[in-house]
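Participant: This one is input.cif, mmCIF, C-alpha atoms.
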data_my_file
loop_
_atom_site.group_PDB
_atom_site.id
_atom_site.type_symbol
_atom_site.label_atom_id
_atom_site.label_comp_id
_atom_site.auth_asym_id
_atom_site.auth_seq_id
_atom_site.Cartn_x
_atom_site.Cartn_y
_atom_site.Cartn_z
ATOM 1 C CA MET B 9 19.662 -4.093 9.314
ATOM 2 C CA LYS B 10 18.652 -7.424 7.868
ATOM 3 C CA THR B 11 19.930 -8.479 4.504
ATOM 4 C CA ASN B 12 17.644 -9.430 1.654
ATOM 5 C CA ARG B 13 18.641 -13.079 2.057
ATOM 6 C CA GLU B 14 17.624 -13.090 5.733
ATOM 7 C CA LEU B 15 14.247 -11.606 4.859
ATOM 8 C CA VAL B 16 13.654 -14.178 2.118
ATOM 9 C CA ASP B 17 14.652 -17.029 4.444
ATOM 10 C CA LYS B 18 12.227 -15.817 7.112
ATOM 11 C CA THR B 19 9.289 -15.124 4.799
ATOM 12 C CA LYS B 20 9.409 -18.314 2.724
ATOM 13 C CA PRO B 21 8.044 -20.508 5.550
ATOM 14 C CA LEU B 22 5.432 -17.860 6.386
ATOM 15 C CA LEU B 23 4.152 -17.693 2.816
ATOM 16 C CA LYS B 24 4.266 -21.447 2.281
ATOM 17 C CA ASP B 25 0.847 -21.960 3.868
ATOM 18 C CA SER B 26 -0.766 -18.656 2.951
ATOM 19 C CA PHE B 27 0.608 -17.733 -0.465
ATOM 20 C CA LEU B 28 -2.797 -17.767 -2.167
ATOM 21 C CA GLU B 29 -4.366 -15.643 0.575
ATOM 22 C CA VAL B 30 -1.573 -13.056 0.324
ATOM 23 C CA PHE B 31 -1.834 -13.038 -3.469
ATOM 24 C CA ALA B 32 -5.622 -12.599 -3.277
ATOM 25 C CA CYS B 33 -5.291 -9.714 -0.804
ATOM 26 C CA ILE B 34 -2.748 -7.903 -2.960
ATOM 27 C CA LEU B 35 -4.896 -8.485 -6.057
ATOM 28 C CA LEU B 36 -7.992 -7.215 -4.215
ATOM 29 C CA ALA B 37 -6.196 -4.098 -2.962
ATOM 30 C CA SER B 38 -4.864 -3.395 -6.447
ATOM 31 C CA ALA B 39 -8.083 -4.087 -8.345
ATOM 32 C CA LEU B 40 -10.646 -2.227 -6.224
ATOM 33 C CA PRO B 41 -9.580 1.302 -7.228
ATOM 34 C CA GLN B 42 -9.353 0.301 -10.907
ATOM 35 C CA ILE B 43 -12.823 -1.247 -10.840
ATOM 36 C CA ALA B 44 -14.292 1.886 -9.266
ATOM 37 C CA LEU B 45 -12.702 4.127 -11.888
ATOM 38 C CA GLN B 46 -14.177 2.065 -14.747
ATOM 39 C CA PHE B 47 -17.637 3.467 -14.009
ATOM 40 C CA ALA B 48 -16.790 7.144 -14.555
ATOM 41 C CA PRO B 49 -13.134 7.799 -15.395
ATOM 42 C CA GLN B 50 -13.749 11.501 -16.131
ATOM 43 C CA ASN B 51 -15.465 12.241 -12.810
ATOM 44 C CA ILE B 52 -12.992 14.307 -10.730
ATOM 45 C CA LEU B 53 -14.842 13.773 -7.443
ATOM 46 C CA LEU B 54 -14.841 10.006 -7.929
ATOM 47 C CA ASN B 55 -11.101 10.122 -8.656
ATOM 48 C CA ILE B 56 -10.464 12.002 -5.400
ATOM 49 C CA VAL B 57 -12.596 9.532 -3.425
ATOM 50 C CA VAL B 58 -10.780 6.578 -5.021
ATOM 51 C CA ILE B 59 -7.405 8.128 -4.152
ATOM 52 C CA CYS B 60 -8.487 8.582 -0.521
ATOM 53 C CA VAL B 61 -9.884 5.048 -0.241
ATOM 54 C CA SER B 62 -6.735 3.705 -1.906
ATOM 55 C CA ALA B 63 -4.655 5.371 0.804
ATOM 56 C CA TYR B 64 -6.504 3.413 3.492
ATOM 57 C CA ILE B 65 -6.329 0.175 1.515
ATOM 58 C CA GLN B 66 -2.596 0.657 0.940
ATOM 59 C CA LEU B 67 -2.094 1.233 4.668
ATOM 60 C CA GLY B 68 -4.173 -1.839 5.487
ATOM 61 C CA LEU B 69 -2.164 -3.930 3.034
ATOM 62 C CA ALA B 70 1.081 -2.795 4.664
ATOM 63 C CA VAL B 71 -0.330 -3.676 8.119
ATOM 64 C CA TYR B 72 -1.441 -7.052 6.734
ATOM 65 C CA CYS B 73 2.019 -7.849 5.335
ATOM 66 C CA LEU B 74 3.813 -6.682 8.490
ATOM 67 C CA GLY B 75 1.453 -8.729 10.653
ATOM 68 C CA LEU B 76 2.112 -11.774 8.511
ATOM 69 C CA TYR B 77 5.858 -11.183 8.802
ATOM 70 C CA LYS B 78 5.631 -10.859 12.599
ATOM 71 C CA GLY B 79 3.620 -14.061 12.822
ATOM 72 C CA ASP B 80 0.365 -12.434 13.940
ATOM 73 C CA GLU B 81 -2.983 -13.920 12.991
ATOM 74 C CA VAL B 82 -4.139 -11.796 10.031
ATOM 75 C CA ASN B 83 -6.782 -12.200 7.345
ATOM 76 C CA TYR B 84 -8.181 -10.157 4.466
ATOM 77 C CA VAL B 85 -10.331 -8.073 6.862
ATOM 78 C CA THR B 86 -7.086 -6.496 8.117
ATOM 79 C CA ILE B 87 -6.810 -4.616 4.822
ATOM 80 C CA PHE B 88 -10.033 -2.745 5.570
ATOM 81 C CA SER B 89 -9.418 -2.253 9.307
ATOM 82 C CA ARG B 90 -7.520 1.046 9.039
ATOM 83 C CA PHE B 91 -10.295 3.395 7.906
ATOM 84 C CA ASN B 92 -9.699 5.920 10.692
ATOM 85 C CA GLY B 93 -7.768 9.166 10.948
ATOM 86 C CA LEU B 94 -6.638 11.594 8.299
ATOM 87 C CA LYS B 95 -2.947 10.680 8.195
ATOM 88 C CA PRO B 96 -3.216 8.281 5.224
ATOM 89 C CA ILE B 97 -5.214 10.783 3.166
ATOM 90 C CA VAL B 98 -2.799 13.626 3.899
ATOM 91 C CA PHE B 99 0.129 11.319 3.148
ATOM 92 C CA ILE B 100 -1.224 10.131 -0.207
ATOM 93 C CA LEU B 101 -2.220 13.635 -1.312
ATOM 94 C CA ILE B 102 1.229 15.063 -0.489
ATOM 95 C CA LEU B 103 2.858 12.070 -2.161
ATOM 96 C CA SER B 104 0.735 12.559 -5.280
ATOM 97 C CA VAL B 105 1.602 16.264 -5.510
ATOM 98 C CA VAL B 106 5.336 15.654 -4.980
ATOM 99 C CA VAL B 107 5.534 12.849 -7.551
ATOM 100 C CA THR B 108 3.438 14.812 -10.053
ATOM 101 C CA LEU B 109 5.748 17.810 -9.680
ATOM 102 C CA GLY B 110 8.708 15.486 -10.191
ATOM 103 C CA PHE B 111 7.183 14.178 -13.416
ATOM 104 C CA ILE B 112 6.432 17.727 -14.570
ATOM 105 C CA LEU B 113 10.079 18.690 -14.071
ATOM 106 C CA LEU B 114 11.281 15.663 -15.992
ATOM 107 C CA ILE B 115 10.568 11.953 -15.925
ATOM 108 C CA ILE B 116 13.721 10.989 -14.002
ATOM 109 C CA PRO B 117 12.995 13.219 -10.939
ATOM 110 C CA GLY B 118 9.474 11.777 -10.819
ATOM 111 C CA ILE B 119 10.799 8.235 -10.817
ATOM 112 C CA ILE B 120 13.359 9.087 -8.137
ATOM 113 C CA LEU B 121 10.729 10.764 -5.930
ATOM 114 C CA SER B 122 8.251 7.914 -6.322
ATOM 115 C CA LEU B 123 10.927 5.392 -5.343
ATOM 116 C CA MET B 124 12.044 7.550 -2.410
ATOM 117 C CA TYR B 125 8.547 7.728 -0.975
ATOM 118 C CA SER B 126 7.395 4.210 -1.899
ATOM 119 C CA VAL B 127 8.228 2.869 1.564
ATOM 120 C CA CYS B 128 6.349 5.596 3.429
ATOM 121 C CA SER B 129 3.162 3.517 3.693
ATOM 122 C CA SER B 130 5.090 0.811 5.521
ATOM 123 C CA ARG B 131 6.467 3.401 7.908
ATOM 124 C CA LEU B 132 2.992 4.816 8.424
ATOM 125 C CA SER B 133 1.619 1.338 9.160
ATOM 126 C CA VAL B 134 4.292 0.780 11.823
ATOM 127 C CA GLU B 135 3.110 3.977 13.516
ATOM 128 C CA PHE B 136 -0.474 2.643 13.540
ATOM 129 C CA ASN B 137 0.623 -0.574 15.262
#
Could you write out this structure as structure tokens?

Facilitator:
Amino acid sequence: MKTNRELVDKTKPLLKDSFLEVFACILLASALPQIALQFAPQNILLNIVVICVSAYIQLGLAVYCLGLYKGDEVNYVTIFSRFNGLKPIVFILILSVVVTLGFILLIIPGIILSLMYSVCSSRLSVEFN
């Protein structure tokens, strides 16, 4: 297993030329669901659709970052290239239920569960590659 220092040393040269592109992709992936929810925050169906689309965008962002780390040629279109299959939707729905139940029990179990499953999208993106 690589140490944090080894990862930082490897990624610094990779991000040197494409820092703004990576920042823009992360900002885009984070802002799209929030922008969509501004139109009708009380609409349950829209919330479900945004959660499902967010699952695909999160998977695409993980594939984008892993491709950048491996040295592959990636661009912002990579974020939207994973809109196939039901695995991301099932994953995000199960994750949402588990974390919500953790927060219902108490706040600390919810935080622990959300941290435990925060790396699952990266694992899921490795399976897609």

Participant: Could you check how far atom CA of Leu121 of chain B sits from atom CA of Leu74 of chain B, in Å to one decimal?

Facilitator: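 Atom CA of Leu121 of chain B sits 23.7 Å away from atom CA of Leu74 of chain B.
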
Participant: Let me know the residues the PyMOL selection byres ((chain B and resi 83) around 10) catches in the file above, as a list in words.

Facilitator: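 That expression, the PyMOL selection byres ((chain B and resi 83) around 10), corresponds here to Ser26, Glu29, Val30, Cys33, Tyr72, Gly75, Leu76, Asp80, Glu81, Val82, Tyr84, Val85, Thr86 and Ile87 of chain B.
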
Participant: Next, write the just-selected residues to a file, as a short mmCIF file (atom, residue, chain, number, x, y, z; two decimals), in the coordinates of the input, keeping C-alpha atoms as the atom set.

Facilitator:
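The resulting part16.cif:
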data_model
loop_
_atom_site.label_atom_id
_atom_site.label_comp_id
_atom_site.auth_asym_id
_atom_site.auth_seq_id
_atom_site.Cartn_x
_atom_site.Cartn_y
_atom_site.Cartn_z
CA SER B 26 -0.77 -18.66 2.95
CA GLU B 29 -4.37 -15.64 0.57
CA VAL B 30 -1.57 -13.06 0.32
CA CYS B 33 -5.29 -9.71 -0.80
CA TYR B 72 -1.44 -7.05 6.73
CA GLY B 75 1.45 -8.73 10.65
CA LEU B 76 2.11 -11.77 8.51
CA ASP B 80 0.36 -12.43 13.94
CA GLU B 81 -2.98 -13.92 12.99
CA VAL B 82 -4.14 -11.80 10.03
CA TYR B 84 -8.18 -10.16 4.47
CA VAL B 85 -10.33 -8.07 6.86
CA THR B 86 -7.09 -6.50 8.12
CA ILE B 87 -6.81 -4.62 4.82
#

Participant: For atom CA of Ile59 of chain B and atom CA of Val127 of chain B, determine how far apart the two atoms are, in Å to one decimal place.

Facilitator: 17.5 Å

Participant: For segment 102-112 of chain B, work out the shell of residues within 6 Å, counting all atoms listed in the file and skipping chain neighbours fewer than 3 positions away, then give it as number ranges by chain.

Facilitator: B: 99, 115, 117-118, 121-122

Participant: May I ask for the distance between atom CA of Ala32 of chain B and atom CA of Gln50 of chain B, given in Å to one decimal place?

Facilitator: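 About the pair atom CA of Ala32 of chain B and atom CA of Gln50 of chain B: they are 28.5 Å apart.
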
Participant: Give the answer as one residue: which of B:Leu114, B:Ile120, B:Cys60, B:Cys73 has the shortest atom-to-atom distance to Lys95 of chain B, using all atoms listed in the file?

Facilitator: B:Cys60

Participant: Selected by the PyMOL selection byres ((chain B and resi 12-19) around 10) in the shown coordinates: which residues, as a PyMOL selection string?

Facilitator: chain B and resi 9-11+20-24+76-79

Participant: Can you pull out every residue within 8 Å of segment 35-38 of chain B, counting all atoms listed in the file, but drop anything in the same chain fewer than 3 positions away, and send it as number ranges by chain?

Facilitator: B: 31-32, 41-42, 62, 65-66, 69, 87

Participant: How about saving the chosen residues, C-alpha atoms kept, as a PDB file, keeping the file's coordinate frame?

Facilitator:
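Okay, this is what ended up in result-v6.pdb:
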ATOM      1  CA  PHE B  31      -1.834 -13.038  -3.469  1.00  0.00           C
ATOM      2  CA  ALA B  32      -5.622 -12.599  -3.277  1.00  0.00           C
ATOM      3  CA  PRO B  41      -9.580   1.302  -7.228  1.00  0.00           C
ATOM      4  CA  GLN B  42      -9.353   0.301 -10.907  1.00  0.00           C
ATOM      5  CA  SER B  62      -6.735   3.705  -1.906  1.00  0.00           C
ATOM      6  CA  ILE B  65      -6.329   0.175   1.515  1.00  0.00           C
ATOM      7  CA  GLN B  66      -2.596   0.657   0.940  1.00  0.00           C
ATOM      8  CA  LEU B  69      -2.164  -3.930   3.034  1.00  0.00           C
ATOM      9  CA  ILE B  87      -6.810  -4.616   4.822  1.00  0.00           C
TER      10      ILE B  87
END

Participant: Would you mind listing what lies within 10 Å of Leu45 of chain B as a VMD selection string, with all atoms listed in the file counted and same-chain residues fewer than 6 positions away left out?

Facilitator: chain B and resid 51 54 to 55 58

Participant: B:Ala70, B:Leu123, B:Leu94, B:Ile100: which is nearest Ile34 of chain B, counting all atoms listed in the file?

Facilitator: B:Ala70
